[in-house]
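J.: Below you will find the structure I want to go over with you.
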Amino acid sequence: MHLPAHVIVNVRRLRSLATLALVLMPVLFLLYWLSPQSLGFVAPTVPGGVAWGSLSAGQQWMARLLSLIPLAVAAWAVWRLRTLLDCYARGEIFSLAAIGHVAGVGKAWLVWVGVNMVLEPITSVLMTWHLPQGERMLAVRLDSDALIAALLGSTLWVMSWVMKAGRRAVRENEQFI
């Protein structure tokens with residue numbers, strides 16, 4: 001399928017932004033965890049409202065390692081988006097690869113929501129474990145960001161099913177002509 005030139009230009013711009021995001025995500029992650037003041041943060045946030053300075057070095061490293069999981073999932077989602085945009089830049093709108101990438105982006109955002117929902121209570125328990133009994137905390141969070149990401153992921157995944165069905169219908173119609 002041939003796309004108008006202005007659409008291809010915009011797809012390439014968005015692809016460049018996705019590439020930039022893939023590069024910046026780990027860099028900003030490292031700056032945030034290793035030198036929060038460099039980004040203007042006082043200290044990293046910890047579930048359960050525990051002060052960062054009250055955590056042991058082991059707990060601080062555990063928090064850093066656990067936060068790598070949603071970062072990796074988000075990077076996977078952005079990578080899938082970038083590969084989708086590669087398909088679009090080549091004019092492959094309804095190719096099986098493009099449809100697979102639409103589904104992949106949707107699944108990645110759903111996994112990101114799930115990972116964050118699971119990690120929040122785990123992190124809150126690990127970060128408050130050093131407190132006396134009765135002050136330890138199990139935090140569960142579902143915020144609007146998670147709901148929007150779940151809605152977006154679900155919508156993209158369903159769109160991939162619709163695109164696949166549309167592709168099948170076009171192929172069947174081509175056989176009759």
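Identifiers in the structure tokens: chain A, B, ... in order shown; residue index from 1 per chain; ligand index from 1 in order shown.
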A:Met62: which residues within 10 Å, counting only C-alpha atoms, same-chain residues fewer than 4 positions away excluded, as a compact mmCIF listing (two decimals) with N, CA and C atoms, in the first residue's frame?
T.:
```
# COMPACT_ATOMS: atom_id res chain seq x y z
N SER A 56 18.56 -0.06 53.97
CA SER A 56 19.92 -0.58 53.91
C SER A 56 20.40 -0.55 52.46
N ALA A 57 21.69 -0.67 52.27
CA ALA A 57 22.24 -0.71 50.91
C ALA A 57 21.65 -1.88 50.13
N GLY A 58 21.44 -3.00 50.80
CA GLY A 58 20.83 -4.16 50.14
C GLY A 58 19.41 -3.88 49.68
N LEU A 66 14.48 -4.44 41.13
CA LEU A 66 13.07 -4.68 40.86
C LEU A 66 12.52 -3.67 39.85
N SER A 67 13.00 -2.44 39.91
CA SER A 67 12.48 -1.43 38.98
C SER A 67 13.01 -1.64 37.56
N LEU A 68 14.01 -2.50 37.40
CA LEU A 68 14.47 -2.85 36.06
C LEU A 68 13.41 -3.65 35.29
N THR A 123 7.54 -4.98 46.38
CA THR A 123 8.50 -3.94 46.74
C THR A 123 8.15 -3.32 48.08
N LEU A 126 9.28 -5.70 50.81
CA LEU A 126 10.75 -5.73 50.93
C LEU A 126 11.31 -4.43 51.51
N MET A 127 10.70 -3.31 51.16
CA MET A 127 11.23 -2.02 51.61
C MET A 127 10.81 -1.68 53.04
```
J.: Determine, counting only C-alpha atoms, which protein, DNA and RNA residues have an atom within 10 Å of an atom of stretch 63-65 of chain A; residues of the same chain fewer than 3 positions away are not included. Present the result as a compact mmCIF listing (two decimals) with C-alpha atoms, in the first residue's frame.
T.:
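Final output, saved to around_15.txt:
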```
# COMPACT_ATOMS: atom_id res chain seq x y z
CA PHE A 29 17.05 5.06 34.78
CA LEU A 30 20.74 5.04 35.70
CA TYR A 32 17.67 8.43 38.62
CA TRP A 33 18.97 5.54 40.70
CA LEU A 34 22.64 6.40 40.89
CA PRO A 44 13.90 7.87 44.68
CA THR A 45 10.35 7.04 45.70
CA VAL A 46 9.72 3.87 47.62
CA PRO A 47 6.32 2.18 48.01
CA LEU A 55 16.86 1.63 53.75
CA ALA A 57 22.24 -0.71 50.91
CA GLY A 58 20.83 -4.16 50.14
CA GLN A 59 17.27 -2.86 50.14
CA GLN A 60 18.25 0.07 47.94
CA LEU A 68 14.47 -2.85 36.06
CA ILE A 69 11.59 -5.25 35.34
CA THR A 123 8.50 -3.94 46.74
CA SER A 124 6.49 -2.45 49.60
CA LEU A 126 10.75 -5.73 50.93
CA MET A 127 11.23 -2.02 51.61
```
J.: Tell me, as a CSV table (one decimal) with C-alpha atoms, in the first residue's frame, which residues lie within 12 Å of stretch 78-86 of chain A, counting only C-alpha atoms; anything in the same chain fewer than 3 positions away does not count.
T.:
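Ended up saving to selection.csv:
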```csv
chain,number,residue,atom,x,y,z
A,7,VAL,CA,2.4,10.4,6.3
A,8,ILE,CA,5.7,8.7,5.8
A,9,VAL,CA,7.5,11.7,7.0
A,10,ASN,CA,5.5,11.7,10.2
A,11,VAL,CA,5.9,7.9,10.7
A,12,ARG,CA,9.7,8.4,10.4
A,13,ARG,CA,9.6,11.2,12.9
A,14,LEU,CA,7.7,9.1,15.4
A,15,ARG,CA,10.1,6.2,14.7
A,16,SER,CA,13.0,8.5,15.6
A,17,LEU,CA,11.2,9.5,18.8
A,18,ALA,CA,10.8,5.8,19.7
A,19,THR,CA,14.5,5.2,19.0
A,20,LEU,CA,15.4,8.2,21.2
A,21,ALA,CA,13.1,6.8,23.9
A,22,LEU,CA,14.9,3.5,23.7
A,23,VAL,CA,18.2,5.2,24.2
A,24,LEU,CA,17.1,7.6,26.9
A,25,MET,CA,15.1,5.1,29.0
A,71,LEU,CA,11.7,-0.7,32.6
A,72,ALA,CA,12.5,-3.7,30.5
A,73,VAL,CA,8.8,-4.3,29.7
A,74,ALA,CA,8.4,-0.7,28.7
A,75,ALA,CA,11.5,-0.8,26.5
A,89,ALA,CA,7.4,3.5,6.7
A,90,ARG,CA,7.8,0.7,4.1
A,91,GLY,CA,4.1,0.9,3.3
A,92,GLU,CA,3.3,-2.4,5.0
A,93,ILE,CA,0.1,-1.4,6.7
A,94,PHE,CA,-1.8,-4.7,6.7
A,95,SER,CA,1.1,-7.1,6.5
A,96,LEU,CA,1.2,-10.0,8.9
A,97,ALA,CA,4.4,-8.4,10.4
A,98,ALA,CA,2.7,-5.1,11.0
A,99,ILE,CA,-0.4,-6.7,12.5
A,100,GLY,CA,1.9,-8.8,14.8
A,101,HIS,CA,3.6,-5.7,16.0
A,102,VAL,CA,0.2,-4.0,16.7
A,103,ALA,CA,-0.6,-7.0,18.8
A,104,GLY,CA,2.9,-7.0,20.4
A,105,VAL,CA,2.6,-3.4,21.5
A,106,GLY,CA,-0.8,-4.1,23.0
A,107,LYS,CA,0.4,-7.2,24.8
A,108,ALA,CA,3.5,-5.4,26.1
A,109,TRP,CA,1.4,-2.6,27.7
A,112,TRP,CA,3.6,-3.7,31.9
A,153,GLY,CA,-3.0,-2.3,25.4
A,156,LEU,CA,-4.4,-2.4,20.3
A,160,SER,CA,-4.8,-6.5,15.6
```
J.: Could you give me, as number ranges by chain, each residue of chain A that DSSP assigns to alpha helix (DSSP H) when run on this structure's backbone?
T.: A: 5-34, 57-89, 96-128, 144-176
J.: Which is closer to A:Pro4 than all the others in A:Leu28, A:Tyr88, A:Met117, A:Trp52, using only C-alpha atoms?
T.: A:Tyr88
J.: Taking 3 positions as the minimum chain separation for residues in the same chain, which residues sit within 8 Å of A:Ser154 when counting only C-alpha atoms? Answer as a VMD selection string.
T.: chain A and resid 106 to 107 110 150 to 151 157 to 158
J.: For the atom pair atom CA of A:Glu135 and atom CA of A:Ile122, what is the interatomic distance in Å to one decimal place?
T.: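 Taking atom CA of A:Glu135 and atom CA of A:Ile122, their separation equals 15.6 Å.
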J.: Applying 12 Å and only C-alpha atoms, which residues near A:Asp143 remain after dropping the ones on its own chain fewer than 3 positions away? List them as a list of chain:residue names.
T.: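 Here the answer would be A:Val113, A:Asn116, A:Met117, A:Glu120, A:Val140, A:Ala146, A:Leu147, A:Ile148, A:Ala149, A:Ala150.
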J.: Write the residues of the selection above to a file with C-alpha atoms, as a PDB file, in the first residue's frame.
T.:
```pdb
ATOM      1  CA  VAL A 113       0.399  -3.072  33.854  1.00  0.00           C
ATOM      2  CA  ASN A 116       3.598  -3.073  38.045  1.00  0.00           C
ATOM      3  CA  MET A 117       0.566  -4.449  39.886  1.00  0.00           C
ATOM      4  CA  GLU A 120       4.133  -2.843  44.002  1.00  0.00           C
ATOM      5  CA  VAL A 140      -1.397  -2.261  46.416  1.00  0.00           C
ATOM      6  CA  ALA A 146      -2.341   1.744  34.788  1.00  0.00           C
ATOM      7  CA  LEU A 147      -5.983   1.829  33.725  1.00  0.00           C
ATOM      8  CA  ILE A 148      -5.193   3.916  30.643  1.00  0.00           C
ATOM      9  CA  ALA A 149      -2.248   1.658  29.729  1.00  0.00           C
ATOM     10  CA  ALA A 150      -4.475  -1.426  30.143  1.00  0.00           C
TER      11      ALA A 150
END
```
J.: Record the distance separating atom CA of A:Met159 and atom CA of A:Val118, expressed in Å with one decimal.
T.: 26.5 Å
